[in-house]
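Source file: start.txt; contents: compact mmCIF, C-alpha atoms.
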# COMPACT_ATOMS: atom_id res chain seq x y z
CA MET Q 7 82.26 108.32 87.44
CA THR Q 8 82.47 104.82 85.95
CA LEU Q 9 82.66 101.74 88.18
CA GLN Q 10 86.18 101.10 86.86
CA THR Q 11 87.31 104.52 88.06
CA PHE Q 12 85.49 104.03 91.38
CA TRP Q 13 87.36 100.80 92.03
CA PHE Q 14 90.68 102.29 90.99
CA LEU Q 15 90.10 105.06 93.54
CA LEU Q 16 89.03 102.56 96.20
CA ILE Q 17 92.18 100.48 95.65
CA ALA Q 18 94.21 103.69 95.93
CA VAL Q 19 92.48 104.48 99.25
CA LEU Q 20 93.16 100.96 100.53
CA PHE Q 21 96.87 101.26 99.74
CA ILE Q 22 96.97 104.74 101.26
CA GLY Q 23 95.52 103.26 104.45
CA TYR Q 24 98.00 100.39 104.32
CA PHE Q 25 101.07 102.59 103.87
CA VAL Q 26 99.99 105.09 106.53
CA LEU Q 27 99.23 102.40 109.13
CA GLU Q 28 101.69 99.69 108.21
CA GLY Q 29 104.30 102.36 107.50
CA PHE Q 30 104.79 103.13 111.17
CA ASP Q 31 104.75 99.37 111.91
CA PHE Q 32 107.73 99.00 109.59
CA GLY Q 33 109.37 102.01 111.18
CA VAL Q 34 108.93 100.61 114.67
CA GLY Q 35 110.38 97.27 113.57
CA MET Q 36 113.39 99.02 112.05
CA LEU Q 37 113.90 101.06 115.23
CA MET Q 38 113.80 98.16 117.69
CA GLY Q 39 117.46 97.37 117.20
CA ILE Q 40 118.44 101.05 117.28
CA ILE Q 41 116.54 102.40 120.27
CA GLY Q 42 116.81 99.19 122.25
CA ARG Q 43 120.24 97.98 121.19
CA LYS Q 44 121.44 97.86 124.83
CA SER Q 45 118.17 97.38 126.69
CA GLU Q 46 115.68 94.53 126.56
CA VAL Q 47 113.07 96.65 128.30
CA LYS Q 48 113.41 99.41 125.69
CA ARG Q 49 112.96 96.87 122.92
CA ARG Q 50 109.81 95.61 124.60
CA VAL Q 51 108.45 99.13 125.00
CA VAL Q 52 109.09 99.88 121.32
CA LEU Q 53 107.49 96.63 120.18
CA ASN Q 54 104.51 97.06 122.51
CA THR Q 55 103.62 100.35 120.82
CA ILE Q 56 102.34 98.34 117.84
CA GLY Q 57 101.39 95.20 119.75
CA PRO Q 58 97.59 95.75 119.67
CA VAL Q 59 97.38 97.09 116.11
CA TRP Q 60 100.05 95.69 113.78
CA ASP Q 61 98.07 92.65 112.62
CA GLY Q 62 94.95 94.75 112.02
CA ASN Q 63 96.99 97.14 109.90
CA GLU Q 64 97.90 94.29 107.54
CA VAL Q 65 94.21 93.79 106.75
CA TRP Q 66 94.45 96.82 104.47
CA LEU Q 67 96.95 94.96 102.26
CA LEU Q 68 94.80 91.84 102.11
CA THR Q 69 91.75 93.92 101.22
CA GLY Q 70 93.67 95.93 98.63
CA GLY Q 71 95.08 92.80 97.01
CA GLY Q 72 91.66 91.14 97.03
CA ALA Q 73 90.03 94.20 95.50
CA MET Q 74 92.69 94.31 92.79
CA PHE Q 75 92.12 90.62 92.01
CA ALA Q 76 88.34 90.96 91.80
CA ALA Q 77 88.07 94.36 90.10
CA PHE Q 78 91.09 94.23 87.77
CA PRO Q 79 92.08 90.59 87.22
CA GLU Q 80 94.31 91.43 84.23
CA TRP Q 81 96.25 93.94 86.38
CA TYR Q 82 96.55 91.45 89.20
CA ALA Q 83 97.75 88.64 86.91
CA SER Q 84 100.32 90.71 85.03
CA LEU Q 85 101.58 92.46 88.16
CA PHE Q 86 101.98 89.37 90.29
CA SER Q 87 103.65 87.40 87.51
CA GLY Q 88 105.99 90.18 86.40
CA PHE Q 89 106.86 91.24 89.96
CA TYR Q 90 106.82 87.70 91.28
CA LEU Q 91 110.24 87.64 92.98
CA ALA Q 92 109.88 91.14 94.44
CA LEU Q 93 106.41 90.46 95.83
CA LEU Q 94 107.47 87.03 97.08
CA LEU Q 95 110.32 88.74 98.94
CA ILE Q 96 107.81 91.09 100.58
CA LEU Q 97 105.51 88.21 101.47
CA VAL Q 98 108.27 86.14 103.04
CA ALA Q 99 109.50 89.17 104.99
CA LEU Q 100 105.98 89.85 106.31
CA ILE Q 101 105.56 86.22 107.35
CA VAL Q 102 108.93 86.19 109.12
CA ARG Q 103 108.06 89.41 110.94
CA ALA Q 104 104.63 88.17 112.00
CA CYS Q 105 106.02 84.91 113.38
CA ALA Q 106 108.81 86.75 115.22
CA ILE Q 107 106.40 89.22 116.85
CA GLU Q 108 104.04 86.46 117.95
CA TRP Q 109 106.74 84.06 119.19
CA ARG Q 110 109.23 86.49 120.74
CA GLY Q 111 107.83 86.19 124.24
CA LYS Q 112 107.09 82.46 124.13
CA ILE Q 113 110.57 81.34 125.23
CA ASN Q 114 112.53 83.04 128.00
CA ASP Q 115 115.94 82.89 126.38
CA ASP Q 116 118.24 85.73 125.29
CA ARG Q 117 119.33 83.98 122.08
CA TRP Q 118 115.72 83.27 121.16
CA ARG Q 119 114.73 86.91 121.68
CA LEU Q 120 117.77 88.10 119.72
CA GLY Q 121 116.82 85.86 116.80
CA CYS Q 122 113.26 87.18 116.87
CA ASP Q 123 114.52 90.76 117.01
CA ILE Q 124 116.68 90.16 113.94
CA ALA Q 125 113.70 88.61 112.15
CA ILE Q 126 111.50 91.61 113.06
CA GLY Q 127 114.19 93.93 111.71
CA ILE Q 128 114.55 92.03 108.43
CA GLY Q 129 110.77 91.77 108.13
CA SER Q 130 110.54 95.55 108.45
CA TRP Q 131 113.54 96.86 106.46
CA VAL Q 132 112.91 94.64 103.42
CA PRO Q 133 109.23 95.56 102.76
CA ALA Q 134 109.89 99.22 103.53
CA LEU Q 135 112.38 99.26 100.65
CA ALA Q 136 110.60 96.81 98.35
CA TRP Q 137 107.22 98.57 98.34
CA GLY Q 138 108.85 101.73 97.04
CA LEU Q 139 110.66 99.76 94.36
CA ALA Q 140 107.44 98.05 93.29
CA PHE Q 141 105.21 101.13 93.09
CA ALA Q 142 107.88 103.25 91.41
CA ASN Q 143 108.17 100.59 88.70
CA ILE Q 144 104.38 100.45 88.31
CA VAL Q 145 104.33 104.19 87.61
CA HIS Q 146 107.49 104.08 85.47
CA GLY Q 147 106.16 101.19 83.40
CA VAL Q 148 107.44 97.71 82.60
CA LYS Q 149 108.15 95.61 79.53
CA LEU Q 150 104.55 94.48 79.06
CA ASN Q 151 104.08 92.68 75.74
CA GLU Q 152 101.01 92.13 73.58
CA ARG Q 153 100.10 88.98 75.59
CA LYS Q 154 99.93 91.11 78.78
CA GLN Q 155 103.02 89.38 80.12
CA VAL Q 156 105.92 91.22 81.72
CA GLU Q 157 109.27 90.49 80.11
CA GLY Q 158 112.61 90.75 81.89
CA ASN Q 159 113.70 89.82 85.39
CA LEU Q 160 114.13 91.24 88.89
CA PHE Q 161 117.21 93.27 87.90
CA ASP Q 162 115.15 95.19 85.32
CA LEU Q 163 113.20 96.61 88.25
CA LEU Q 164 116.36 98.12 89.76
CA ASN Q 165 116.40 101.26 87.63
CA PRO Q 166 117.44 104.63 89.14
CA TYR Q 167 113.88 105.93 89.53
CA ALA Q 168 112.74 102.76 91.29
CA LEU Q 169 115.78 102.68 93.57
CA LEU Q 170 115.03 106.26 94.59
CA GLY Q 171 111.43 105.22 95.22
CA GLY Q 172 112.62 102.41 97.47
CA LEU Q 173 114.89 104.77 99.40
CA THR Q 174 111.98 107.21 99.74
CA THR Q 175 109.61 104.70 101.35
CA LEU Q 176 112.41 103.33 103.52
CA LEU Q 177 113.30 106.73 105.00
CA LEU Q 178 109.70 107.93 105.17
CA PHE Q 179 108.53 104.82 107.04
CA LEU Q 180 111.53 105.08 109.37
CA LEU Q 181 110.64 108.69 110.18
CA HIS Q 182 106.95 107.79 110.52
CA GLY Q 183 107.87 105.01 112.94
CA ALA Q 184 110.13 107.26 115.02
CA VAL Q 185 107.35 109.84 115.30
CA PHE Q 186 104.90 107.10 116.32
CA VAL Q 187 107.28 105.81 119.02
CA ALA Q 188 107.63 109.37 120.34
CA LEU Q 189 103.84 109.70 120.34
CA LYS Q 190 103.25 106.39 122.12
CA THR Q 191 106.03 106.36 124.72
CA GLY Q 192 107.36 108.53 127.51
CA ASN Q 193 110.55 109.42 129.30
CA GLU Q 194 113.77 107.82 128.05
CA VAL Q 195 112.32 105.91 125.09
CA ARG Q 196 110.54 109.04 123.84
CA ASP Q 197 113.78 111.01 124.14
CA ASP Q 198 115.58 108.38 122.06
CA ALA Q 199 112.88 108.51 119.38
CA GLN Q 200 113.03 112.30 119.22
CA ALA Q 201 116.81 112.15 118.83
CA ILE Q 202 116.39 109.83 115.85
CA ILE Q 203 113.80 112.17 114.31
CA ARG Q 204 116.29 115.05 114.47
CA LYS Q 205 118.97 112.94 112.77
CA ILE Q 206 116.92 111.56 109.87
CA PHE Q 207 114.46 114.36 109.16
CA VAL Q 208 116.62 116.40 106.75
CA PRO Q 209 117.83 113.41 104.66
CA THR Q 210 114.27 112.13 104.50
CA ALA Q 211 112.91 115.51 103.42
CA VAL Q 212 115.53 115.83 100.66
CA VAL Q 213 114.90 112.34 99.27
CA VAL Q 214 111.11 112.73 99.40
CA ALA Q 215 111.31 116.10 97.63
CA VAL Q 216 113.59 114.81 94.86
CA PHE Q 217 111.46 111.71 94.26
CA GLY Q 218 108.22 113.70 94.32
CA ILE Q 219 109.47 116.31 91.86
CA TRP Q 220 110.91 113.63 89.56
CA THR Q 221 107.58 111.79 89.63
CA GLN Q 222 105.57 114.92 88.90
CA LEU Q 223 107.79 116.16 86.07
CA ALA Q 224 108.11 112.76 84.40
CA TYR Q 225 104.64 111.26 84.89
CA GLY Q 226 102.42 113.87 86.53
CA LYS Q 227 99.36 115.77 85.38
CA GLY Q 228 98.28 119.29 86.21
CA TRP Q 229 96.20 118.34 89.25
CA THR Q 230 98.83 116.00 90.72
CA TRP Q 231 100.78 119.04 91.89
CA ILE Q 232 98.17 119.15 94.69
CA PRO Q 233 99.17 115.89 96.44
CA LEU Q 234 102.84 116.75 95.90
CA ILE Q 235 102.40 120.11 97.63
CA LEU Q 236 100.38 118.47 100.42
CA ALA Q 237 103.17 115.93 100.93
CA VAL Q 238 105.71 118.73 101.32
CA ILE Q 239 103.44 120.65 103.70
CA GLY Q 240 102.89 117.52 105.78
CA LEU Q 241 106.61 116.97 106.07
CA VAL Q 242 107.24 120.57 107.08
CA VAL Q 243 104.50 120.36 109.73
CA ALA Q 244 105.95 117.09 111.02
CA GLY Q 245 109.43 118.54 111.33
CA PHE Q 246 108.30 121.72 113.08
CA ALA Q 247 105.91 119.88 115.42
CA ALA Q 248 108.59 117.36 116.38
CA THR Q 249 110.96 120.15 117.44
CA GLN Q 250 108.18 121.57 119.65
CA GLY Q 251 107.37 118.23 121.24
CA ARG Q 252 103.92 118.15 119.57
CA ASP Q 253 103.96 114.45 118.82
CA GLY Q 254 100.35 114.25 117.68
CA TRP Q 255 100.81 116.97 115.07
CA ALA Q 256 104.12 115.43 113.98
CA PHE Q 257 102.43 112.08 113.42
CA THR Q 258 99.60 113.78 111.52
CA GLY Q 259 102.22 115.45 109.33
CA THR Q 260 104.03 112.24 108.40
CA ALA Q 261 100.69 110.50 107.83
CA VAL Q 262 99.61 113.27 105.44
CA THR Q 263 102.94 113.02 103.63
CA ILE Q 264 102.64 109.26 103.11
CA ALA Q 265 98.98 109.53 102.07
CA SER Q 266 99.71 112.38 99.64
CA ALA Q 267 102.77 110.65 98.16
CA THR Q 268 100.71 107.50 97.53
CA ALA Q 269 97.93 109.60 95.99
CA LEU Q 270 100.56 111.22 93.75
CA LEU Q 271 101.68 107.82 92.47
CA PHE Q 272 98.14 106.62 91.77
CA GLY Q 273 97.27 109.96 90.19
CA CYS Q 274 100.26 109.77 87.85
CA LEU Q 275 99.31 106.19 86.97
CA TYR Q 276 95.64 106.78 86.02
CA PRO Q 277 94.05 105.85 83.64
CA ASN Q 278 96.70 103.17 83.26
CA VAL Q 279 97.09 100.48 85.87
CA LEU Q 280 100.27 99.02 84.39
CA PRO Q 281 101.96 100.99 81.58
CA SER Q 282 103.98 99.22 78.91
CA THR Q 283 107.40 100.56 77.95
CA ILE Q 284 107.33 98.47 74.77
CA ASP Q 285 104.22 100.01 73.21
CA ASP Q 286 101.49 102.19 74.71
CA ALA Q 287 98.94 99.96 72.98
CA PHE Q 288 100.00 97.08 75.25
CA SER Q 289 99.38 99.03 78.46
CA LEU Q 290 96.74 97.88 80.91
CA THR Q 291 94.13 100.53 81.72
CA VAL Q 292 91.15 100.74 84.05
CA ASP Q 293 88.99 99.81 81.07
CA ASN Q 294 90.79 96.89 79.44
CA ALA Q 295 91.92 95.28 82.70
CA SER Q 296 88.63 95.35 84.63
CA SER Q 297 86.09 92.71 85.50
CA THR Q 298 82.57 92.65 84.07
CA HIS Q 299 80.04 95.33 84.95
CA TYR Q 300 77.95 92.90 87.02
CA THR Q 301 80.98 91.89 89.10
CA LEU Q 302 81.83 95.50 89.82
CA VAL Q 303 78.24 96.29 90.81
CA VAL Q 304 78.09 93.42 93.32
CA MET Q 305 81.50 94.33 94.74
CA SER Q 306 80.46 97.97 95.08
CA TRP Q 307 77.48 97.10 97.26
CA VAL Q 308 79.66 94.90 99.45
CA ALA Q 309 82.26 97.66 99.77
CA VAL Q 310 79.64 100.27 100.70
CA ALA Q 311 78.37 97.98 103.47
CA MET Q 312 81.68 96.70 104.87
CA VAL Q 313 84.26 99.48 104.55
CA PRO Q 314 82.59 101.73 107.18
CA VAL Q 315 82.52 98.79 109.60
CA VAL Q 316 86.25 98.23 109.19
CA LEU Q 317 86.99 101.93 109.65
CA VAL Q 318 84.90 102.17 112.83
CA TYR Q 319 86.49 99.05 114.29
CA GLN Q 320 90.04 100.21 113.64
CA ALA Q 321 89.31 103.68 115.00
CA TRP Q 322 87.93 102.10 118.17
CA THR Q 323 91.04 99.93 118.52
CA TYR Q 324 93.38 102.92 118.33
CA TRP Q 325 91.23 104.83 120.83
CA VAL Q 326 91.33 101.99 123.37
CA PHE Q 327 95.13 101.67 123.16
CA ARG Q 328 95.88 105.39 122.96
CA LYS Q 329 97.90 105.81 126.20
CA ARG Q 330 101.68 106.19 126.32
CA LEU Q 331 104.01 103.39 127.42
CA THR Q 332 107.06 103.74 129.64
CA MET Q 333 109.83 101.42 130.79
CA GLU Q 334 108.35 101.38 134.30
CA GLN Q 335 105.19 99.70 132.98
CA ILE Q 336 107.11 96.73 131.57
CA PRO Q 337 107.37 93.81 134.01
CA PRO Q 338 110.64 91.85 134.19
CA SER Q 339 111.02 88.82 131.95
CA ILE Q 340 109.94 85.59 133.61
CA GLY Q 341 112.80 83.83 135.34
CA LEU Q 342 115.13 86.86 135.26
CA PRO Q 343 116.13 88.96 138.27
CA LEU Q 344 114.74 92.49 138.13
CA GLU Q 345 118.23 94.04 137.78
CA THR Q 346 119.03 91.79 134.78
CA ALA Q 347 115.71 92.42 133.09
CA LYS Q 348 116.22 96.19 133.18
CA ASN Q 349 119.51 96.03 131.26

Show how you would write the structure in this file as C-alpha cells.
Amino acid sequence: MTLQTFWFLLIAVLFIGYFVLEGFDFGVGMLMGIIGRKSEVKRRVVLNTIGPVWDGNEVWLLTGGGAMFAAFPEWYASLFSGFYLALLLILVALIVRACAIEWRGKINDDRWRLGCDIAIGIGSWVPALAWGLAFANIVHGVKLNERKQVEGNLFDLLNPYALLGGLTTLLLFLLHGAVFVALKTGNEVRDDAQAIIRKIFVPTAVVVAVFGIWTQLAYGKGWTWIPLILAVIGLVVAGFAATQGRDGWAFTGTAVTIASATALLFGCLYPNVLPSTIDDAFSLTVDNASSTHYTLVVMSWVAVAMVPVVLVYQAWTYWVFRKRLTMEQIPPSIGLPLETAKN
C-alpha cells in the first residue's frame, strides 16, 4: 500500500467516524422541536442526550479536514474553492448550532430558549442535507478544468443524484438520532422516539436503497457491493431491533449503515479524489493531488501515535455517560414554578 492510499483510507475512516457520531447529533437536534414541541423538559432531556459528547464528535471533522489539507492539498484547494458556498453554509450552521447549545441555558427566558431551539434545529437540518449534497457531487464529479479549478456555481451542485444524496443523509441522520434518543432516554421520551422510528423507517430504507443502488451501478466497482450489502443489512437489523425494543442493537444497525454508506462513497471515488466531468485527464487522484513523500511519512508517524489516544478518550467518554435520562431527572428551570417547568 502506498502512503497516498493509506492517507486516503485514513481520511475515509475519519469521515466515517464523523458521520456516525455527528450523525446522531444532527438527528437529536432535528428531533428537539418534534419530541419536545409542547414540553420544555422533554426538549432538555433530548438535548442532554448529546450534552457531554457533541463537541467531541466534531473533532472528527476538524481532523478529517486537517488531514485532507496536509495529505492532499490540491484536493483541499479545489474542493473548498469549488464548494465554497455549500461548505460555508455548513460551517455557519455548525457555528450557530454550537452557540445555541452552549448559550441556551444561560438566560432564563422562554423567548431566549425558543430562539436557541430554532438555531439548534437550523444548525442540524442544514448540515444533514448539505453533507449528502457535497459528497454525492464529489463522487459524481464536477466541472474541474485543466487549472484544477471548479467551474460553475452552487446551482450546478443541485443535480438529481446529489439531491437524492442530500435526502439520504437527512433521513438517515434523523433515524440515527431517533434511535439514539430511544437508547439514551426512558419512559415518555423513549416512547416518543420509538414512535418516530416507526414513522420514518420505511421512507428512510427506500431512499437509502435507491441511492445506494444508483451509486453502485453508476460509479461502483466489484468489491463495493460489499459495503452496499452491509448498509442494507444494518438497516434491516436496526428496523427489527427497534420493533423489539432492543435499542442498543438498533443503534448498532444504523451506525453500520452510515459507516457502510460512507465507505461505499469513498470506494466508488478511489483512486480519484475529485473527478472532472470535463475531461478525465483533469481529475484529481490520490497520486497527483498528494503532498510530498516526506510530508506523508511524518504525518503517518503522528497519526499512528495520536489516533489511538483519541479513540480511547472518546470511548471512555461514552462509557462514563452511558446511563439513560428521564424527565424526572431534569430539575425545574431557575425562577420557574415546578408546575410551569414541567409543561

List every protein, DNA or RNA residue that has an atom no more than 12 Å from (114.1, 112.6, 89.3) in the file's coordinate frame, counting all atoms listed in the file, and report them as a list of chain:residue names.
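The requested residues, written out, are Q:Ala142, Q:His146, Q:Asn165, Q:Pro166, Q:Tyr167, Q:Ala168, Q:Leu169, Q:Leu170, Q:Gly171, Q:Thr174, Q:Val212, Q:Val213, Q:Val214, Q:Ala215, Q:Val216, Q:Phe217, Q:Gly218, Q:Ile219, Q:Trp220, Q:Thr221, Q:Gln222, Q:Leu223, Q:Ala224, Q:Tyr225.
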
Sorted by chain and rising residue number, which residues of segment 271-291 of chain Q lie within 10 Å of segment 228-244 of chain Q, and what are their closest atom pairs and distances in Å to one decimal, counting only C-alpha atoms, as CSV?
residue,atom,partner,partner_atom,distance
Q:Leu271,CA,Q:Thr230,CA,8.8
Q:Phe272,CA,Q:Thr230,CA,9.5
Q:Gly273,CA,Q:Thr230,CA,6.3
Q:Cys274,CA,Q:Thr230,CA,7.0

Please determine, counting all atoms listed in the file, which residue among Q:Met7, Q:Ile40, Q:Ala18, Q:Met74 has the shortest atom-to-atom distance to Met305 of chain Q.
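Nearest to Met305 of chain Q: Q:Met74.
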
Quick one: residues within 9 Å of Phe327 of chain Q, all atoms listed in the file, excluding same-chain residues fewer than 5 positions away - as a list in words?
Thr55, Pro58, Val59 and Trp322 of chain Q

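Interatomic distance, atom CA of Ala269 of chain Q to atom CA of Leu176 of chain Q: 17.5 Å.
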
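Here atom CA of Arg196 of chain Q stands at a distance of 12.2 Å from atom CA of Leu37 of chain Q.
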
To one decimal place, how far is atom CA of Gly129 of chain Q from atom CA of Leu97 of chain Q in Å?
9.2 Å

Among listed residues Q:Val156, Q:Phe32, Q:Met312, Q:Val26, nearest Ser87 of chain Q (using only C-alpha atoms):
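Answer, going by the shortest atom-to-atom distance: Q:Val156.
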